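Q: To start, I am sharing the structure in question, which I have written as structure tokens.
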Amino acid sequence: MAMAAVRWFVLGLALTGNVLADTIRVRADVWYPVNGDPAAVRPGFGIEALRLIWGDAGHQLDYQLMSWGRSLSAVRSGAADCVIGAYKQDAPDLRFPAQMLGQDGVGVYVRASDDWGYTGTASLADRTVGVIADYSYGKSLDDWLADTANADRIEIAYGVDALEGNIRKLLAGRVDVLFESPMVMASSLSTLDLEPFVRLAGEGKPETPFYIACSASSSEVPQWLEQFDSGMQRLRDSGQWRRLLADYGLNED
């Protein structure tokens with residue numbers, strides 16, 4: 001009886017530990033250097049931060065790549081808990097922490113041989129534009145993209161590597177213009193060794209904070225977001241955040 005009682009006590013502790021050590025399911029498409037290959041040594045500074053912060057709080061991180069649209073749908077349906085790399089315009093129905101992961105704008109990109117310049121949505125007349133499904137590019141560009149009069153000149157990319165596909169379309173002449181985060185575009189062009197072939201033609205949206213964004217229906221999310229906020233503040237106060245960004249060739253300015 002004593003041995004049985006010990007076994008049940010140990011089993012009870014194990015089960016309690018499993019309940020307390022939540023697995024937080026994070027989904028996104030590739031948006032490097034914020035998030036990239038889950039198996040890479042450098043999976044993205046955002047993913048490294050989540051592993052540090054939520055790991056210290058006793059949680060496991062289940063991070064997987066999906067298209068952006070599927071990632072948002074998974075969180076809304078309860079099949080996942082959070083997305084990473086979201087602007088508030090991307091998913092206003094989800095919960096956001098107080099602490100941002102960073103901030104970035106939207107650049108307007110063309111082939112290096114193209115001397116066209118972006119001066120506002122009116123300058124997009126007769127240009128074919130490549131975008132990624134379910135992304136928000138700021139109010140001005142989003143309104144232009146939503147205008148049915150422009151539908152025939154918009155190419156929408158899907159999948160976890162949608163940006164790489166868009167860059168290939170641009171260089172092949174299938175589209176004339178891309179909208180993308182300058183930070184993410186610079187990293188992608190460097191990785192693909194295509195920096196000489198694409199140039200910035202203008203600013204589509206000024207710098208805006210981006211975040212993790214989590215389910216609005218899960219009762220556990222408020223605690224996770226509190227842990228994220230306090231953890232991010234610790235990383236910043238200790239200088240660890242600055243060092244993490246430096247590993248990706250970035251700084252906080």
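Each chain in the structure tokens gets a letter, A, B and so on, in the order shown; residues start at 1 in every chain, and ligands are counted from 1 in the order they appear.
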Within 10 Å of Gly36 in chain A, counting only C-alpha atoms, which residues show up once you throw out same-chain ones fewer than 5 positions away? Write them as a ChimeraX atom specification, please.

A: /A:28-31,42-47,63-65,160-161

Q: Please provide as a ChimeraX atom specification all residues within 7 Å of range 172-187 of chain A, with the sequence filter that same-chain residues fewer than 5 positions apart are discarded (counting only C-alpha atoms).

A: /A:31-33,104-110,127-131

Q: Generate a file of the selected residues that holds all heavy atoms, formatted as a short mmCIF file (atom, residue, chain, number, x, y, z; two decimals), in the first residue's frame.

A:
```
data_model
loop_
_atom_site.label_atom_id
_atom_site.label_comp_id
_atom_site.auth_asym_id
_atom_site.auth_seq_id
_atom_site.Cartn_x
_atom_site.Cartn_y
_atom_site.Cartn_z
N TRP A 31 9.37 35.27 -42.00
CA TRP A 31 9.50 36.74 -41.96
C TRP A 31 10.82 37.04 -41.26
O TRP A 31 10.88 37.64 -40.21
CB TRP A 31 8.31 37.36 -41.23
CG TRP A 31 7.96 38.74 -41.68
CD1 TRP A 31 7.70 39.16 -42.95
CD2 TRP A 31 7.80 39.91 -40.85
NE1 TRP A 31 7.40 40.50 -42.97
CE2 TRP A 31 7.45 40.98 -41.69
CE3 TRP A 31 7.91 40.14 -39.48
CZ2 TRP A 31 7.23 42.27 -41.22
CZ3 TRP A 31 7.68 41.42 -39.00
CH2 TRP A 31 7.35 42.48 -39.87
N TYR A 32 11.86 36.55 -41.87
CA TYR A 32 13.20 36.63 -41.29
C TYR A 32 13.77 38.04 -41.47
O TYR A 32 13.54 38.65 -42.51
CB TYR A 32 14.10 35.60 -41.99
CG TYR A 32 15.34 35.23 -41.23
CD1 TYR A 32 15.28 34.31 -40.19
CD2 TYR A 32 16.55 35.80 -41.54
CE1 TYR A 32 16.41 33.97 -39.48
CE2 TYR A 32 17.70 35.47 -40.83
CZ TYR A 32 17.61 34.54 -39.80
OH TYR A 32 18.74 34.21 -39.10
N PRO A 33 14.47 38.57 -40.45
CA PRO A 33 15.06 37.91 -39.29
C PRO A 33 14.18 37.84 -38.05
O PRO A 33 14.67 37.49 -36.99
CB PRO A 33 16.28 38.79 -39.02
CG PRO A 33 15.84 40.17 -39.40
CD PRO A 33 14.96 39.97 -40.61
N ASP A 104 8.87 48.47 -37.96
CA ASP A 104 9.34 48.52 -39.33
C ASP A 104 8.23 49.08 -40.19
O ASP A 104 7.06 49.03 -39.82
CB ASP A 104 9.72 47.11 -39.80
CG ASP A 104 10.76 47.13 -40.90
OD1 ASP A 104 11.36 48.20 -41.14
OD2 ASP A 104 10.99 46.08 -41.53
N GLY A 105 8.60 49.62 -41.34
CA GLY A 105 7.62 50.19 -42.25
C GLY A 105 7.37 49.29 -43.44
O GLY A 105 7.63 48.09 -43.40
N VAL A 106 6.85 49.86 -44.49
CA VAL A 106 6.65 49.15 -45.76
C VAL A 106 7.40 49.90 -46.84
O VAL A 106 7.16 51.10 -47.05
CB VAL A 106 5.16 49.04 -46.12
CG1 VAL A 106 4.99 48.45 -47.53
CG2 VAL A 106 4.42 48.19 -45.10
N GLY A 107 8.32 49.21 -47.48
CA GLY A 107 9.03 49.79 -48.61
C GLY A 107 8.38 49.35 -49.91
O GLY A 107 7.72 48.31 -49.98
N VAL A 108 8.56 50.17 -50.93
CA VAL A 108 8.06 49.86 -52.27
C VAL A 108 9.28 49.55 -53.12
O VAL A 108 10.18 50.38 -53.27
CB VAL A 108 7.26 51.05 -52.86
CG1 VAL A 108 6.76 50.71 -54.26
CG2 VAL A 108 6.10 51.41 -51.93
N TYR A 109 9.33 48.33 -53.67
CA TYR A 109 10.55 47.83 -54.34
C TYR A 109 10.31 47.56 -55.82
O TYR A 109 9.23 47.13 -56.22
CB TYR A 109 11.02 46.55 -53.65
CG TYR A 109 11.55 46.80 -52.26
CD1 TYR A 109 10.68 46.81 -51.17
CD2 TYR A 109 12.89 47.09 -52.03
CE1 TYR A 109 11.14 47.07 -49.89
CE2 TYR A 109 13.36 47.35 -50.76
CZ TYR A 109 12.48 47.34 -49.69
OH TYR A 109 12.94 47.62 -48.43
N VAL A 110 11.36 47.78 -56.60
CA VAL A 110 11.33 47.53 -58.03
C VAL A 110 12.65 46.88 -58.44
O VAL A 110 13.59 46.79 -57.64
CB VAL A 110 11.13 48.84 -58.85
CG1 VAL A 110 9.78 49.46 -58.52
CG2 VAL A 110 12.26 49.82 -58.58
N ARG A 127 1.10 49.89 -63.09
CA ARG A 127 2.10 49.02 -62.49
C ARG A 127 1.40 47.76 -61.96
O ARG A 127 0.31 47.82 -61.42
CB ARG A 127 2.81 49.71 -61.31
CG ARG A 127 3.38 51.08 -61.61
CD ARG A 127 4.53 51.07 -62.59
NE ARG A 127 5.75 50.48 -62.03
CZ ARG A 127 6.93 50.49 -62.66
NH1 ARG A 127 7.04 51.07 -63.86
NH2 ARG A 127 7.99 49.95 -62.11
N THR A 128 2.06 46.62 -62.12
CA THR A 128 1.57 45.36 -61.57
C THR A 128 2.27 45.13 -60.23
O THR A 128 3.49 45.21 -60.15
CB THR A 128 1.86 44.18 -62.52
OG1 THR A 128 1.26 44.45 -63.78
CG2 THR A 128 1.29 42.89 -61.97
N VAL A 129 1.49 44.86 -59.21
CA VAL A 129 2.00 44.84 -57.83
C VAL A 129 1.92 43.43 -57.25
O VAL A 129 0.90 42.75 -57.36
CB VAL A 129 1.19 45.81 -56.95
CG1 VAL A 129 1.65 45.74 -55.50
CG2 VAL A 129 1.31 47.24 -57.49
N GLY A 130 3.00 43.00 -56.61
CA GLY A 130 3.04 41.72 -55.92
C GLY A 130 2.90 41.90 -54.42
O GLY A 130 3.63 42.70 -53.82
N VAL A 131 1.97 41.18 -53.81
CA VAL A 131 1.75 41.25 -52.36
C VAL A 131 1.62 39.83 -51.81
O VAL A 131 1.56 38.86 -52.57
CB VAL A 131 0.48 42.07 -52.02
CG1 VAL A 131 0.65 43.52 -52.44
CG2 VAL A 131 -0.76 41.45 -52.66
#
```

Q: What's around Ala98 in chain A at 9 Å? Count only C-alpha atoms, leave out sequence neighbours fewer than 4 positions away in its own chain, and write the answer as a ChimeraX atom specification.

A: /A:211,225-226,228-229

Q: Output all heavy atoms of each residue in that selection to a file, as a PDB file, in the first residue's frame.

A:
```pdb
ATOM      1  N   TYR A 211       4.309  42.881 -33.407  1.00  0.00           N
ATOM      2  CA  TYR A 211       4.121  42.179 -32.144  1.00  0.00           C
ATOM      3  C   TYR A 211       3.938  40.676 -32.347  1.00  0.00           C
ATOM      4  O   TYR A 211       3.841  40.197 -33.478  1.00  0.00           O
ATOM      5  CB  TYR A 211       2.844  42.673 -31.452  1.00  0.00           C
ATOM      6  CG  TYR A 211       2.746  44.134 -31.169  1.00  0.00           C
ATOM      7  CD1 TYR A 211       2.339  45.050 -32.160  1.00  0.00           C
ATOM      8  CD2 TYR A 211       3.014  44.636 -29.894  1.00  0.00           C
ATOM      9  CE1 TYR A 211       2.228  46.404 -31.881  1.00  0.00           C
ATOM     10  CE2 TYR A 211       2.893  45.988 -29.606  1.00  0.00           C
ATOM     11  CZ  TYR A 211       2.507  46.863 -30.609  1.00  0.00           C
ATOM     12  OH  TYR A 211       2.392  48.212 -30.324  1.00  0.00           O
ATOM     13  N   LEU A 225       0.725  36.706 -22.025  1.00  0.00           N
ATOM     14  CA  LEU A 225       1.112  38.039 -22.480  1.00  0.00           C
ATOM     15  C   LEU A 225       1.758  38.850 -21.357  1.00  0.00           C
ATOM     16  O   LEU A 225       2.697  39.617 -21.602  1.00  0.00           O
ATOM     17  CB  LEU A 225      -0.098  38.776 -23.059  1.00  0.00           C
ATOM     18  CG  LEU A 225      -0.689  38.182 -24.339  1.00  0.00           C
ATOM     19  CD1 LEU A 225      -1.837  39.044 -24.847  1.00  0.00           C
ATOM     20  CD2 LEU A 225       0.363  38.020 -25.434  1.00  0.00           C
ATOM     21  N   GLU A 226       1.280  38.685 -20.133  1.00  0.00           N
ATOM     22  CA  GLU A 226       1.929  39.344 -18.992  1.00  0.00           C
ATOM     23  C   GLU A 226       3.357  38.839 -18.839  1.00  0.00           C
ATOM     24  O   GLU A 226       4.286  39.619 -18.587  1.00  0.00           O
ATOM     25  CB  GLU A 226       1.137  39.069 -17.706  1.00  0.00           C
ATOM     26  CG  GLU A 226      -0.166  39.846 -17.595  1.00  0.00           C
ATOM     27  CD  GLU A 226      -0.917  39.511 -16.319  1.00  0.00           C
ATOM     28  OE1 GLU A 226      -0.318  38.867 -15.431  1.00  0.00           O
ATOM     29  OE2 GLU A 226      -2.099  39.891 -16.223  1.00  0.00           O
ATOM     30  N   PHE A 228       5.175  37.612 -21.222  1.00  0.00           N
ATOM     31  CA  PHE A 228       5.935  38.147 -22.345  1.00  0.00           C
ATOM     32  C   PHE A 228       6.373  39.582 -22.063  1.00  0.00           C
ATOM     33  O   PHE A 228       7.535  39.944 -22.277  1.00  0.00           O
ATOM     34  CB  PHE A 228       5.109  38.089 -23.630  1.00  0.00           C
ATOM     35  CG  PHE A 228       5.764  38.768 -24.800  1.00  0.00           C
ATOM     36  CD1 PHE A 228       6.749  38.123 -25.528  1.00  0.00           C
ATOM     37  CD2 PHE A 228       5.422  40.068 -25.153  1.00  0.00           C
ATOM     38  CE1 PHE A 228       7.375  38.763 -26.588  1.00  0.00           C
ATOM     39  CE2 PHE A 228       6.045  40.709 -26.209  1.00  0.00           C
ATOM     40  CZ  PHE A 228       7.024  40.050 -26.925  1.00  0.00           C
ATOM     41  N   ASP A 229       5.452  40.407 -21.597  1.00  0.00           N
ATOM     42  CA  ASP A 229       5.775  41.816 -21.343  1.00  0.00           C
ATOM     43  C   ASP A 229       6.871  41.960 -20.291  1.00  0.00           C
ATOM     44  O   ASP A 229       7.833  42.720 -20.482  1.00  0.00           O
ATOM     45  CB  ASP A 229       4.519  42.570 -20.890  1.00  0.00           C
ATOM     46  CG  ASP A 229       3.581  42.911 -22.035  1.00  0.00           C
ATOM     47  OD1 ASP A 229       4.076  43.028 -23.179  1.00  0.00           O
ATOM     48  OD2 ASP A 229       2.379  43.073 -21.796  1.00  0.00           O
TER      49      ASP A 229
END
```

Q: Between A:Pro209, A:Leu194, A:Asp142, A:Gln227, single out the one closest to Ala112 in chain A, counting only C-alpha atoms.

A: A:Leu194

Q: Do you have the CA of Gly55 in chain A-CA of Gly69 in chain A distance handy?

A: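 One can read the CA of Gly55 in chain A to CA of Gly69 in chain A distance as 27.1 Å.
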
Q: Report as a VMD selection string: the residues of range 185-247 of chain A with a DSSP assignment of strand (DSSP E or B), based on the backbone of this structure.

A: chain A and resid 198 to 214

Q: Would you list, as a PyMOL selection string, the residues of range 29-248 of chain A that end up in alpha helix (DSSP H) under DSSP run on this structure's backbone?

A: chain A and resi 45-56+68-77+139-146+162-172+182-192+221-238+240-247

Q: Point out the residue among A:Cys82, A:Leu170, A:Met232, A:Leu192 with the least atom-to-atom distance to Ser217 in chain A, counting only C-alpha atoms.

A: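 Closest residue, counting only C-alpha atoms: A:Cys82.
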